[in-house]
>>> print(open('work.cif').read())   # mmCIF, C-alpha atoms
data_protein
loop_
_atom_site.label_atom_id
_atom_site.label_comp_id
_atom_site.auth_asym_id
_atom_site.auth_seq_id
_atom_site.Cartn_x
_atom_site.Cartn_y
_atom_site.Cartn_z
CA MET C 163 -24.54 -3.06 -13.40
CA PRO C 164 -23.27 -5.06 -16.40
CA GLN C 165 -20.40 -7.44 -15.86
CA SER C 166 -17.20 -6.58 -17.70
CA GLU C 167 -16.17 -8.95 -20.48
CA SER C 168 -12.56 -7.75 -20.40
CA ARG C 169 -9.72 -9.28 -18.48
CA THR C 170 -9.41 -8.92 -14.75
CA VAL C 171 -7.27 -6.25 -13.10
CA ALA C 172 -4.60 -8.85 -12.37
CA VAL C 173 -3.67 -9.06 -16.05
CA VAL C 174 -4.95 -5.88 -17.68
CA PRO C 175 -2.46 -3.09 -18.47
CA TYR C 176 -0.91 -1.46 -15.42
CA GLU C 177 -3.08 1.57 -14.72
CA ASP C 178 -3.14 4.35 -12.15
CA PRO C 179 -6.52 4.13 -10.36
CA ALA C 180 -6.39 7.75 -9.17
CA GLY C 181 -6.10 9.18 -12.64
CA SER C 182 -9.63 10.34 -13.36
CA VAL C 183 -12.56 11.89 -11.58
CA ALA C 184 -14.64 11.18 -14.66
CA ALA C 185 -14.06 7.42 -14.63
CA THR C 186 -17.20 5.82 -13.19
CA LYS C 187 -17.98 2.23 -12.30
CA THR C 188 -20.43 1.44 -15.08
CA GLY C 189 -19.16 -2.02 -15.91
CA LEU C 190 -15.89 -0.84 -17.44
CA THR C 191 -12.56 -2.30 -16.41
CA ARG C 192 -10.00 0.05 -14.88
CA ALA C 193 -8.15 0.30 -18.21
CA GLU C 194 -11.36 1.18 -20.04
CA SER C 195 -12.73 3.58 -17.44
CA SER C 196 -9.44 5.49 -17.31
CA LYS C 197 -9.98 6.53 -20.93
CA THR C 198 -13.18 8.44 -20.13
CA LEU C 199 -11.35 11.36 -18.53
CA SER C 200 -12.15 13.77 -21.38
CA GLY C 201 -15.81 12.84 -21.48
CA GLU C 202 -18.67 13.73 -19.18
CA LEU C 203 -19.65 11.55 -16.25
CA GLU C 204 -21.62 8.67 -17.68
CA GLU C 205 -24.01 8.55 -14.75
CA ARG C 206 -25.04 10.74 -11.87
CA GLY C 207 -26.14 9.68 -8.43
CA LEU C 208 -24.85 7.24 -5.83
CA GLU C 209 -22.59 4.34 -6.80
CA ILE C 210 -21.55 1.62 -4.34
CA SER C 211 -18.54 -0.62 -4.80
CA GLY C 212 -15.80 -2.20 -2.70
CA TYR C 213 -13.89 -5.36 -1.89
CA GLY C 214 -13.15 -7.89 0.84
CA THR C 215 -10.55 -10.51 1.81
CA VAL C 216 -10.32 -13.49 4.21
CA ASN C 217 -6.97 -15.26 4.69
CA TYR C 218 -5.45 -18.32 6.40
CA PHE C 219 -1.79 -18.60 7.45
CA ASN C 220 0.14 -21.74 8.46
CA ARG C 221 3.46 -20.67 10.04
CA ASP C 222 6.67 -22.60 10.62
CA TRP C 223 9.06 -19.95 11.95
CA GLN C 224 12.46 -20.60 13.51
CA THR C 225 12.55 -16.98 14.64
CA ASP C 226 9.40 -17.09 16.74
CA GLU C 227 8.32 -20.02 18.88
CA PHE C 228 4.97 -18.31 19.49
CA ALA C 229 4.06 -18.04 15.78
CA LYS C 230 0.70 -19.82 15.54
CA ASP C 231 -1.52 -20.65 12.59
CA SER C 232 -4.27 -18.10 12.18
CA VAL C 233 -7.30 -17.00 10.19
CA ASP C 234 -7.75 -13.32 9.42
CA THR C 235 -10.98 -11.70 8.29
CA GLU C 236 -8.62 -9.13 6.88
CA ARG C 237 -10.87 -6.39 5.61
CA PHE C 238 -14.18 -5.38 4.11
CA VAL C 239 -14.30 -2.08 2.27
CA MET C 240 -17.30 -0.13 1.05
CA GLU C 241 -16.72 2.70 -1.44
CA LEU C 242 -19.40 5.33 -1.96
CA GLU C 243 -19.30 7.82 -4.83
CA TYR C 244 -21.88 10.51 -5.52
CA SER C 245 -21.76 12.60 -8.71
CA PHE C 246 -23.51 15.94 -8.23
CA ASN C 247 -23.04 16.97 -11.87
CA ASP C 248 -20.48 16.67 -14.66
CA GLN C 249 -17.78 18.36 -12.58
CA TRP C 250 -18.38 17.77 -8.86
CA LYS C 251 -18.11 14.45 -7.07
CA ALA C 252 -17.92 13.25 -3.44
CA VAL C 253 -16.07 10.04 -2.54
CA ALA C 254 -16.03 8.05 0.71
CA GLU C 255 -14.36 4.74 1.58
CA ILE C 256 -15.14 2.91 4.82
CA GLU C 257 -12.96 -0.01 5.90
CA TYR C 258 -13.67 -2.71 8.50
CA GLU C 259 -10.50 -4.57 9.49
CA HIS C 260 -9.98 -7.96 11.14
CA GLY C 261 -13.62 -8.82 11.54
CA GLY C 262 -14.83 -6.41 14.15
CA THR C 263 -14.56 -3.22 16.15
CA GLY C 264 -13.06 -2.23 19.46
CA ALA C 265 -9.76 -2.84 21.20
CA LYS C 266 -7.61 -5.85 20.42
CA LEU C 267 -4.89 -7.73 22.30
CA GLU C 268 -1.76 -8.85 20.45
CA PHE C 269 1.27 -10.86 21.51
CA ASP C 270 4.37 -9.19 20.07
CA SER C 271 7.48 -11.36 20.28
CA GLN C 272 9.39 -9.36 17.66
CA GLU C 273 9.76 -5.85 19.10
CA GLU C 274 8.10 -6.12 22.50
CA PHE C 275 10.23 -9.07 23.74
CA GLY C 276 7.30 -11.40 24.29
CA GLU C 277 4.85 -8.93 25.78
CA PHE C 278 1.13 -8.50 25.28
CA GLU C 279 0.03 -5.14 23.94
CA GLN C 280 -3.48 -3.74 23.73
CA GLU C 281 -4.33 -1.52 20.79
CA VAL C 282 -7.30 0.32 19.44
CA GLU C 283 -6.40 0.42 15.79
CA ASN C 284 -7.78 3.11 13.52
CA GLY C 285 -10.58 4.09 15.86
CA GLY C 286 -11.56 0.54 16.77
CA GLU C 287 -10.67 -0.97 13.39
CA VAL C 288 -13.45 0.84 11.57
CA VAL C 289 -11.95 3.72 9.65
CA VAL C 290 -12.95 6.23 7.02
CA GLU C 291 -10.03 5.65 4.65
CA GLU C 292 -11.05 8.28 2.11
CA LEU C 293 -13.43 11.20 2.26
CA TYR C 294 -13.03 13.97 -0.30
CA VAL C 295 -14.72 16.24 -2.81
CA ALA C 296 -13.28 16.27 -6.34
CA TYR C 297 -13.65 18.78 -9.17
CA GLN C 298 -13.02 18.04 -12.85
CA TYR C 299 -11.82 21.07 -14.82
CA GLU C 300 -9.90 19.69 -17.80
CA ASP C 301 -8.03 16.49 -18.63
CA TRP C 302 -4.79 18.05 -17.48
CA LEU C 303 -6.05 19.78 -14.34
CA ASN C 304 -8.41 18.41 -11.68
CA GLY C 305 -8.50 18.81 -7.92
CA LYS C 306 -9.71 17.25 -4.69
CA VAL C 307 -9.80 18.23 -1.04
CA GLY C 308 -10.30 16.02 2.01
CA ARG C 309 -8.77 12.66 2.91
CA PHE C 310 -7.27 10.58 0.10
CA ILE C 311 -4.54 8.07 -0.74
CA VAL C 312 -0.90 9.16 -0.77
CA PRO C 313 0.41 7.83 -4.13
CA VAL C 314 3.77 6.45 -2.89
CA GLY C 315 4.39 2.72 -3.31
CA ARG C 316 2.59 0.43 -5.70
CA THR C 317 0.44 -1.09 -2.95
CA ASN C 318 -1.08 2.27 -2.10
CA ASN C 319 -2.09 2.72 -5.73
CA TYR C 320 -3.16 -0.89 -6.34
CA HIS C 321 -4.56 -2.48 -3.19
CA LYS C 322 -7.63 -4.50 -4.22
CA PRO C 323 -7.25 -8.30 -4.02
CA GLN C 324 -6.95 -8.75 -7.81
CA ASP C 325 -4.16 -6.14 -7.93
CA TYR C 326 -1.48 -8.28 -6.22
CA PHE C 327 -0.53 -11.95 -6.44
CA THR C 328 0.32 -12.72 -2.80
CA VAL C 329 -2.22 -13.49 -0.08
CA ALA C 330 -1.10 -10.53 2.04
CA ARG C 331 -0.06 -7.18 0.60
CA SER C 332 3.53 -6.29 -0.25
CA GLU C 333 6.11 -7.08 2.45
CA ALA C 334 8.54 -4.62 0.89
CA ASP C 335 6.06 -1.75 1.21
CA ALA C 336 4.85 -2.73 4.68
CA ALA C 337 8.41 -2.61 6.06
CA MET C 338 8.75 1.10 5.25
CA ILE C 339 5.49 3.03 4.79
CA PRO C 340 1.81 2.89 5.82
CA GLN C 341 -0.43 0.56 3.83
CA THR C 342 -3.42 2.16 2.12
CA TRP C 343 -1.73 5.37 3.24
CA THR C 344 -4.29 8.18 3.44
CA GLU C 345 -3.81 11.73 4.66
CA ASN C 346 -5.77 14.98 4.71
CA GLY C 347 -5.04 17.86 2.36
CA LEU C 348 -5.29 19.27 -1.15
CA ALA C 349 -4.38 17.57 -4.42
CA ALA C 350 -4.14 18.30 -8.12
CA PHE C 351 -4.02 15.58 -10.77
CA GLY C 352 -4.35 15.22 -14.50
CA ASP C 353 -3.60 13.44 -17.73
CA TRP C 354 -1.84 14.41 -20.97
CA SER C 355 -2.20 12.26 -24.09
CA PHE C 356 0.48 12.21 -26.80
CA GLY C 357 -1.40 10.02 -29.22
CA ASP C 358 0.70 7.08 -30.40
CA TRP C 359 3.48 8.19 -28.05
CA GLY C 360 1.47 7.29 -24.95
CA ARG C 361 0.27 9.46 -22.09
CA ILE C 362 1.49 10.99 -18.84
CA ARG C 363 -0.38 11.16 -15.55
CA TYR C 364 0.54 13.19 -12.49
CA GLN C 365 -0.57 13.74 -8.92
CA ALA C 366 0.63 16.53 -6.61
CA GLN C 367 -0.50 16.71 -2.96
CA VAL C 368 -0.01 18.83 0.15
CA VAL C 369 -1.04 16.80 3.21
CA ASN C 370 -0.58 16.62 6.97
CA GLY C 371 2.78 15.08 7.88
CA LEU C 372 3.77 12.00 9.86
CA ASP C 373 4.32 11.77 13.64
CA SER C 374 7.84 10.57 14.50
CA THR C 375 6.77 9.02 17.83
CA GLY C 376 5.47 6.05 15.81
CA PHE C 377 8.74 5.35 13.97
CA SER C 378 10.35 1.99 14.79
CA SER C 379 12.98 -0.58 13.86
CA ARG C 380 10.61 -3.01 12.24
CA TYR C 381 8.40 -0.68 10.18
CA TRP C 382 10.57 2.46 9.85
CA VAL C 383 8.06 5.39 9.44
CA ALA C 384 4.96 3.29 8.74
CA ASP C 385 3.46 3.68 12.23
CA GLY C 386 3.97 7.44 12.06
CA HIS C 387 0.64 7.45 10.28
CA GLN C 388 -1.58 9.38 12.71
CA THR C 389 -4.44 6.90 12.99
CA ARG C 390 -4.08 6.68 16.79
CA PHE C 391 -5.61 10.10 17.28
CA GLU C 392 -9.07 11.55 16.69
CA GLN C 393 -7.54 14.61 15.02
CA PRO C 394 -4.21 14.22 13.18
CA ARG C 395 -1.85 17.11 13.83
CA ALA C 396 -0.92 19.33 10.89
CA GLU C 397 1.82 21.51 12.38
CA ASP C 398 4.17 19.85 9.88
CA LEU C 399 2.89 19.48 6.32
CA ALA C 400 4.28 17.21 3.62
CA PHE C 401 4.38 17.09 -0.16
CA ALA C 402 3.65 13.94 -2.16
CA GLY C 403 3.76 13.53 -5.91
CA ARG C 404 3.62 10.85 -8.56
CA LEU C 405 4.40 10.92 -12.29
CA GLY C 406 3.60 7.98 -14.56
CA TYR C 407 4.18 7.28 -18.24
CA PHE C 408 1.96 4.81 -20.10
CA PHE C 409 2.94 3.48 -23.54
CA GLY C 410 0.30 1.41 -25.27
CA ASP C 411 -1.43 -1.23 -23.22
CA ASP C 412 1.66 -3.10 -22.07
CA ILE C 413 4.26 -0.72 -20.65
CA GLN C 414 4.17 1.66 -17.69
CA VAL C 415 6.81 3.32 -15.57
CA ALA C 416 6.26 5.68 -12.65
CA GLY C 417 8.09 7.52 -9.92
CA ALA C 418 6.90 9.06 -6.64
CA TYR C 419 8.28 11.34 -3.94
CA TYR C 420 7.21 12.15 -0.39
CA GLY C 421 8.87 14.74 1.84
CA GLY C 422 8.07 16.57 5.05
CA ASN C 423 9.11 17.32 8.61
CA THR C 424 7.73 15.23 11.51
CA ASN C 425 8.93 16.70 14.81
CA LYS C 426 6.10 19.23 15.33
CA ASN C 427 3.44 16.56 14.84
CA ARG C 428 4.58 14.77 18.01
CA PRO C 429 1.99 14.94 20.84
CA LYS C 430 4.46 16.86 23.03
CA ASN C 431 7.20 19.34 22.14
CA ASP C 432 9.94 16.92 23.14
CA LEU C 433 12.14 17.08 20.02
CA ASP C 434 13.78 20.39 19.20
CA GLU C 435 15.65 19.26 16.07
CA ASP C 436 14.10 18.73 12.65
CA ALA C 437 13.22 15.19 11.58
CA TYR C 438 12.54 15.40 7.85
CA VAL C 439 11.43 12.27 6.00
CA ASP C 440 12.24 11.86 2.31
CA ILE C 441 11.03 8.88 0.28
CA LEU C 442 11.76 8.07 -3.37
CA GLU C 443 9.97 5.26 -5.18
CA PHE C 444 10.12 3.88 -8.74
CA ASP C 445 7.96 1.13 -10.18
CA GLY C 446 7.00 -0.32 -13.53
CA ALA C 447 5.20 -3.11 -15.30
CA TRP C 448 5.28 -4.95 -18.60
CA THR C 449 2.23 -7.05 -19.48
CA PRO C 450 2.63 -8.63 -22.94
CA GLY C 451 -0.16 -11.07 -23.66
CA ASP C 452 -0.64 -13.53 -20.81
CA TYR C 453 2.60 -12.57 -19.03
CA ILE C 454 2.90 -10.07 -16.17
CA LEU C 455 6.20 -8.58 -15.00
CA ARG C 456 6.26 -5.95 -12.24
CA GLY C 457 8.83 -4.42 -9.96
CA GLN C 458 9.53 -1.59 -7.52
CA TYR C 459 12.42 0.12 -5.73
CA MET C 460 11.96 2.37 -2.67
CA TRP C 461 14.48 4.35 -0.64
CA GLY C 462 13.91 6.60 2.36
CA ARG C 463 15.90 8.88 4.67
CA LEU C 464 15.12 10.22 8.16
CA GLN C 465 16.99 13.28 9.40
CA ASN C 466 18.40 13.08 12.95
CA SER C 467 17.19 9.52 13.38
CA HIS C 468 19.41 9.09 16.46
CA LEU C 469 17.69 12.05 18.16
CA VAL C 470 14.27 10.63 17.25
CA THR C 471 15.36 7.32 18.78
CA GLU C 472 16.46 9.05 21.99
CA ALA C 473 13.25 11.08 22.28
CA ASN C 474 11.07 8.02 21.65
CA ARG C 475 12.70 6.08 24.49
CA ASN C 476 11.15 8.52 26.96
CA LEU C 477 7.58 8.27 25.63
CA SER C 478 4.71 7.16 27.84
CA ASN C 479 3.51 3.56 27.73
CA ASN C 480 0.01 4.91 27.18
CA LEU C 481 0.96 6.22 23.74
CA GLY C 482 1.03 2.66 22.40
CA VAL C 483 4.16 2.98 20.26
CA LYS C 484 7.19 0.68 19.94
CA ARG C 485 9.95 2.99 21.29
CA THR C 486 12.61 1.01 19.39
CA PRO C 487 15.63 2.42 17.49
CA VAL C 488 14.97 4.05 14.12
CA GLY C 489 17.12 3.79 11.00
CA SER C 490 18.48 6.84 9.20
CA GLU C 491 17.87 5.14 5.85
CA ALA C 492 15.51 2.40 4.73
CA GLN C 493 15.44 0.49 1.47
CA SER C 494 13.28 -2.12 -0.23
CA TRP C 495 12.73 -3.63 -3.65
CA TYR C 496 10.83 -6.46 -5.25
CA VAL C 497 10.25 -8.11 -8.60
CA GLU C 498 7.41 -10.45 -9.49
CA THR C 499 6.22 -12.31 -12.55
CA GLY C 500 3.07 -14.19 -13.43
CA TYR C 501 1.67 -16.22 -16.31
CA ASP C 502 -1.97 -17.01 -17.07
CA LEU C 503 -2.15 -20.78 -17.72
CA PHE C 504 -5.73 -21.00 -18.94
CA PRO C 505 -5.32 -19.61 -22.50
CA ALA C 506 -2.20 -21.67 -23.24
CA VAL C 507 -3.23 -24.93 -21.54
CA PHE C 508 -7.02 -24.92 -21.80
CA GLY C 509 -7.74 -22.33 -24.48
CA GLU C 510 -10.06 -20.72 -21.92
CA ARG C 511 -10.29 -16.97 -21.33
CA ASP C 512 -13.44 -16.69 -19.21
CA GLN C 513 -11.46 -17.94 -16.22
CA ARG C 514 -7.90 -17.20 -15.05
CA LEU C 515 -5.27 -19.40 -13.43
CA ILE C 516 -2.12 -17.37 -12.81
CA ILE C 517 1.09 -18.98 -11.59
CA PHE C 518 3.45 -16.46 -10.01
CA ALA C 519 6.82 -16.00 -8.35
CA ARG C 520 8.06 -13.02 -6.36
CA TYR C 521 11.27 -11.91 -4.62
CA ASP C 522 11.39 -9.24 -1.87
CA ASP C 523 14.40 -7.57 -0.25
CA PHE C 524 13.73 -5.01 2.50
CA ASP C 525 15.65 -3.37 5.32
CA PRO C 526 14.00 -0.66 7.47
CA MET C 527 17.37 -0.12 9.16
CA HIS C 528 19.49 0.02 6.01
CA GLN C 529 21.69 2.71 7.59
CA THR C 530 21.90 4.07 11.15
CA GLU C 531 23.60 7.04 12.78
CA GLY C 532 24.93 8.00 16.18
CA LEU C 533 24.80 5.21 18.74
CA VAL C 534 21.87 3.44 17.08
CA PHE C 535 22.67 -0.25 16.52
CA ASP C 536 22.03 -1.60 13.03
CA ASN C 537 20.15 -4.76 14.00
CA PRO C 538 20.67 -7.32 11.19
CA ARG C 539 17.38 -9.10 11.96
CA TRP C 540 15.45 -6.37 10.13
CA HIS C 541 17.21 -7.00 6.81
CA GLN C 542 15.01 -9.69 5.30
CA THR C 543 14.60 -11.41 1.95
CA SER C 544 11.75 -13.63 0.86
CA TRP C 545 10.67 -15.84 -2.01
CA SER C 546 6.98 -16.36 -2.76
CA THR C 547 5.32 -18.63 -5.26
CA GLY C 548 1.74 -19.72 -5.79
CA LEU C 549 -1.45 -19.61 -7.80
CA ASN C 550 -4.30 -17.15 -8.34
CA TYR C 551 -7.59 -18.60 -9.63
CA LEU C 552 -10.34 -16.31 -10.87
CA PRO C 553 -13.55 -18.17 -11.84
CA ILE C 554 -15.04 -14.77 -12.68
CA PRO C 555 -13.30 -11.37 -12.75
CA ASN C 556 -14.83 -10.35 -9.40
CA VAL C 557 -13.67 -13.35 -7.33
CA ILE C 558 -10.11 -14.53 -6.67
CA PHE C 559 -8.75 -17.53 -4.76
CA LYS C 560 -5.07 -17.50 -3.74
CA ALA C 561 -2.55 -20.12 -2.61
CA GLU C 562 1.00 -19.13 -1.64
CA TYR C 563 4.19 -20.49 -0.19
CA ASN C 564 6.53 -17.87 1.29
CA SER C 565 10.05 -18.48 2.59
CA ARG C 566 11.54 -15.51 4.45
CA GLU C 567 15.15 -15.29 5.68
CA LEU C 568 16.48 -12.85 8.26
CA ASP C 569 20.06 -11.62 8.17
CA LEU C 570 21.04 -13.67 11.23
CA ASP C 571 23.56 -16.48 11.65
CA SER C 572 21.08 -19.09 12.90
CA ASN C 573 17.36 -19.68 13.50
CA ASN C 574 16.71 -17.22 10.70
CA THR C 575 13.97 -18.70 8.50
CA GLU C 576 10.21 -18.18 8.45
CA ASP C 577 8.15 -20.46 6.21
CA THR C 578 4.49 -19.62 5.67
CA TYR C 579 1.76 -21.40 3.73
CA ALA C 580 -1.21 -19.15 3.03
CA LEU C 581 -4.66 -19.37 1.46
CA GLY C 582 -6.92 -16.45 0.67
CA VAL C 583 -10.16 -15.45 -0.96
CA GLY C 584 -11.08 -11.99 -2.15
CA PHE C 585 -13.81 -10.29 -4.09
CA THR C 586 -14.70 -6.94 -5.60
CA TYR C 587 -18.15 -5.61 -6.26
#
>>> encode(input="work.cif", output="structure tokens")
Amino acid sequence: MPQSESRTVAVVPYEDPAGSVAATKTGLTRAESSKTLSGELEERGLEISGYGTVNYFNRDWQTDEFAKDSVDTERFVMELEYSFNDQWKAVAEIEYEHGGTGAKLEFDSQEEFGEFEQEVENGGEVVVEELYVAYQYEDWLNGKVGRFIVPVGRTNNYHKPQDYFTVARSEADAAMIPQTWTENGLAAFGDWSFGDWGRIRYQAQVVNGLDSTGFSSRYWVADGHQTRFEQPRAEDLAFAGRLGYFFGDDIQVAGAYYGGNTNKNRPKNDLDEDAYVDILEFDGAWTPGDYILRGQYMWGRLQNSHLVTEANRNLSNNLGVKRTPVGSEAQSWYVETGYDLFPAVFGERDQRLIIFARYDDFDPMHQTEGLVFDNPRWHQTSWSTGLNYLPIPNVIFKAEYNSRELDLDSNNTEDTYALGVGFTY
């Protein structure tokens, strides 16, 4: 497979990776491959790709006396794509998380009041993230069925190590929704070109909904993702959609929506009232030359959050959920900027050295209702700054300093120094 001579994903134009069934990994960058939608598949047969990350964290947290330094073999992902012909394609993505399989033991001093909890995450931390069959009809209309990514939040659309500056993925997204959020269902997607006026891309999905037993103070609806069970329940379905506008190679704006009920997907019929979740998200990017500017705003609402809170208090310990109060509204936003030093300082474009800064503001309990207490500790802000070094487009080294502040009167800071390495293949 030839190596791309174009710039790495970290500094190429902001593109939607789910935009084309026809885009194959034949040495093209994402920006180049996205333009092959109207053409035939360039190759047929099996293609293997993926990515991996290993991270180190040095923690100095006033909020948690048990916060220890750690090393995380965060994930290894293998993506398999098989093109049957010019129209039909099967896609699978297998992810290994945290260096192994089986149950794990965690010490949770944030929501479990200093208790140990045992979890079997995502079927023993080996999970089939995506598994679907796709059909290409025309540029403007394509479809897929199976398990695929829900296109809400920038991290879910751009989650490979070169796609984000920080060592860990977005704090603002993680406080509200599942990361690499995948569900089962049907989807349509397509692309319209308007020549010099840019192009529009869309995705529309009907998927199984969330399970409100997993909702919590710290992560809002994120743990409602039904990865605890062998067969996710689909009594409640949800709709997800994304619409993006691309102008030239430097400007992109997009918006996404997710909505669906969650009470019937609970393991037991212990909540009679509806518990609809609505999420709105807007993001954009401007990438002139060696500069990168990106940002996102996300807002969510949970119907009858006080009744969900009450029902969750009575759940069994064996379910492995937090059973903490749930906010009626959640909100997060971030802005980040980066600059590639190599062209300006060294006149070098074969390598990349990106200096970045980022600001996050997130509150999974932005509003509460009923007798639910709005705990200020969950409103957090953080500054991050650091470097990304890419000796070749497929390998990235990261260094980051993050200072997080909780909305408390004292003992409210969390300083973290982090190092990471990632690769794509």
>>> closest_residue(input="work.cif", among="C:Asp525, C:Gln493, C:Ala296, C:Lys430", to="Ser478 of chain C", atoms="only C-alpha atoms")
C:Lys430
>>> closest_atom_pairs(input="work.cif", of="segment 376-416 of chain C", to="segment 335-359 of chain C", cutoff="10 Å", atoms="only C-alpha atoms", output="JSON lines")
{"residue": "C:Phe377", "atom": "CA", "partner": "C:Met338", "partner_atom": "CA", "distance": 9.7}
{"residue": "C:Ser378", "atom": "CA", "partner": "C:Met338", "partner_atom": "CA", "distance": 9.7}
{"residue": "C:Ser379", "atom": "CA", "partner": "C:Ala337", "partner_atom": "CA", "distance": 9.3}
{"residue": "C:Arg380", "atom": "CA", "partner": "C:Ala337", "partner_atom": "CA", "distance": 6.6}
{"residue": "C:Tyr381", "atom": "CA", "partner": "C:Ala337", "partner_atom": "CA", "distance": 4.5}
{"residue": "C:Trp382", "atom": "CA", "partner": "C:Met338", "partner_atom": "CA", "distance": 5.1}
{"residue": "C:Val383", "atom": "CA", "partner": "C:Ile339", "partner_atom": "CA", "distance": 5.8}
{"residue": "C:Ala384", "atom": "CA", "partner": "C:Ile339", "partner_atom": "CA", "distance": 4.0}
{"residue": "C:Asp385", "atom": "CA", "partner": "C:Pro340", "partner_atom": "CA", "distance": 6.7}
{"residue": "C:Gly386", "atom": "CA", "partner": "C:Pro340", "partner_atom": "CA", "distance": 8.0}
{"residue": "C:His387", "atom": "CA", "partner": "C:Pro340", "partner_atom": "CA", "distance": 6.5}
{"residue": "C:Gln388", "atom": "CA", "partner": "C:Glu345", "partner_atom": "CA", "distance": 8.7}
{"residue": "C:Thr389", "atom": "CA", "partner": "C:Thr344", "partner_atom": "CA", "distance": 9.6}
{"residue": "C:Pro394", "atom": "CA", "partner": "C:Asn346", "partner_atom": "CA", "distance": 8.6}
{"residue": "C:Ala396", "atom": "CA", "partner": "C:Asn346", "partner_atom": "CA", "distance": 9.0}
{"residue": "C:Leu399", "atom": "CA", "partner": "C:Gly347", "partner_atom": "CA", "distance": 9.0}
{"residue": "C:Ala400", "atom": "CA", "partner": "C:Gly347", "partner_atom": "CA", "distance": 9.4}
{"residue": "C:Phe401", "atom": "CA", "partner": "C:Ala349", "partner_atom": "CA", "distance": 9.8}
{"residue": "C:Ala402", "atom": "CA", "partner": "C:Ala349", "partner_atom": "CA", "distance": 9.1}
{"residue": "C:Gly403", "atom": "CA", "partner": "C:Ala349", "partner_atom": "CA", "distance": 9.2}
{"residue": "C:Arg404", "atom": "CA", "partner": "C:Phe351", "partner_atom": "CA", "distance": 9.3}
{"residue": "C:Leu405", "atom": "CA", "partner": "C:Phe351", "partner_atom": "CA", "distance": 9.7}
{"residue": "C:Gly406", "atom": "CA", "partner": "C:Asp353", "partner_atom": "CA", "distance": 9.6}
{"residue": "C:Tyr407", "atom": "CA", "partner": "C:Trp354", "partner_atom": "CA", "distance": 9.7}
{"residue": "C:Phe408", "atom": "CA", "partner": "C:Trp359", "partner_atom": "CA", "distance": 8.8}
{"residue": "C:Phe409", "atom": "CA", "partner": "C:Trp359", "partner_atom": "CA", "distance": 6.5}
{"residue": "C:Gly410", "atom": "CA", "partner": "C:Asp358", "partner_atom": "CA", "distance": 7.7}
>>> resolve_selection(input="work.cif", expression="the PyMOL selection byres ((chain C and resi 212) around 8)", output="number ranges by chain")
C: 210-211, 213-214, 238-241, 586-587
>>> closest_residue(input="work.cif", among="C:Asp452, C:Asp411, C:Asp445, C:Asp523", to="Tyr320 of chain C", atoms="all atoms listed in the file")
C:Asp445
>>> atom_distance(input="work.cif", atom1="atom CA of Thr328 of chain C", atom2="atom CA of Ile558 of chain C")
11.3 Å
>>> closest_residue(input="work.cif", among="C:Gln513, C:Asn479, C:Asn247, C:Gln458", to="Glu498 of chain C", atoms="all atoms listed in the file")
C:Gln458
>>> axis_aligned_box(input="work.cif", around="segment 425-438 of chain C", padding_each_side="3 Å", output="AutoDock Vina command-line options")
--center_x 8.8 --center_y 17.6 --center_z 15.5 --size_x 19.7 --size_y 11.6 --size_z 21.3
>>> closest_residue(input="work.cif", among="C:Leu372, C:Ala366, C:Ile413, C:Ala252", to="Arg390 of chain C", atoms="only C-alpha atoms")
C:Leu372
>>> resolve_selection(input="work.cif", expression="the PyMOL selection byres ((chain C and resi 482-485) around 9)", output="list of chain:residue names")
C:Glu273, C:Glu274, C:Glu279, C:Gln280, C:Glu281, C:Thr375, C:Gly376, C:Phe377, C:Ser378, C:Ser379, C:Asp385, C:Arg390, C:Thr471, C:Glu472, C:Ala473, C:Asn474, C:Arg475, C:Asn476, C:Leu477, C:Ser478, C:Asn479, C:Asn480, C:Leu481, C:Thr486, C:Pro487, C:Val488
>>> resolve_selection(input="work.cif", expression="the PyMOL selection byres ((chain C and resi 398) around 8)", output="JSON, numbers by chain")
{"C": [370, 371, 372, 395, 396, 397, 399, 400, 422, 423, 424, 425, 426, 427]}
>>> write_last_selection(input="work.cif", atoms="C-alpha atoms", output="PDB file, keeping the file's coordinate frame")
ATOM      1  CA  ASN C 370      -0.580  16.620   6.970  1.00  0.00           C
ATOM      2  CA  GLY C 371       2.780  15.080   7.880  1.00  0.00           C
ATOM      3  CA  LEU C 372       3.770  12.000   9.860  1.00  0.00           C
ATOM      4  CA  ARG C 395      -1.850  17.110  13.830  1.00  0.00           C
ATOM      5  CA  ALA C 396      -0.920  19.330  10.890  1.00  0.00           C
ATOM      6  CA  GLU C 397       1.820  21.510  12.380  1.00  0.00           C
ATOM      7  CA  LEU C 399       2.890  19.480   6.320  1.00  0.00           C
ATOM      8  CA  ALA C 400       4.280  17.210   3.620  1.00  0.00           C
ATOM      9  CA  GLY C 422       8.070  16.570   5.050  1.00  0.00           C
ATOM     10  CA  ASN C 423       9.110  17.320   8.610  1.00  0.00           C
ATOM     11  CA  THR C 424       7.730  15.230  11.510  1.00  0.00           C
ATOM     12  CA  ASN C 425       8.930  16.700  14.810  1.00  0.00           C
ATOM     13  CA  LYS C 426       6.100  19.230  15.330  1.00  0.00           C
ATOM     14  CA  ASN C 427       3.440  16.560  14.840  1.00  0.00           C
TER      15      ASN C 427
END
>>> atom_distance(input="work.cif", atom1="atom CA of Glu333 of chain C", atom2="atom CA of Pro553 of chain C")
26.7 Å
>>> atom_distance(input="work.cif", atom1="atom CA of Asp222 of chain C", atom2="atom CA of Asn564 of chain C")
10.5 Å
>>> closest_residue(input="work.cif", among="C:Gly509, C:Gly462, C:Gly360, C:Pro429", to="Asp412 of chain C", atoms="all atoms listed in the file")
C:Gly360
>>> closest_atom_pairs(input="work.cif", of="segment 450-508 of chain C", to="segment 530-534 of chain C", cutoff="6 Å", atoms="only C-alpha atoms", output="JSON lines")
{"residue": "C:His468", "atom": "CA", "partner": "C:Gly532", "partner_atom": "CA", "distance": 5.6}
{"residue": "C:Gly489", "atom": "CA", "partner": "C:Thr530", "partner_atom": "CA", "distance": 4.8}
{"residue": "C:Ser490", "atom": "CA", "partner": "C:Thr530", "partner_atom": "CA", "distance": 4.8}
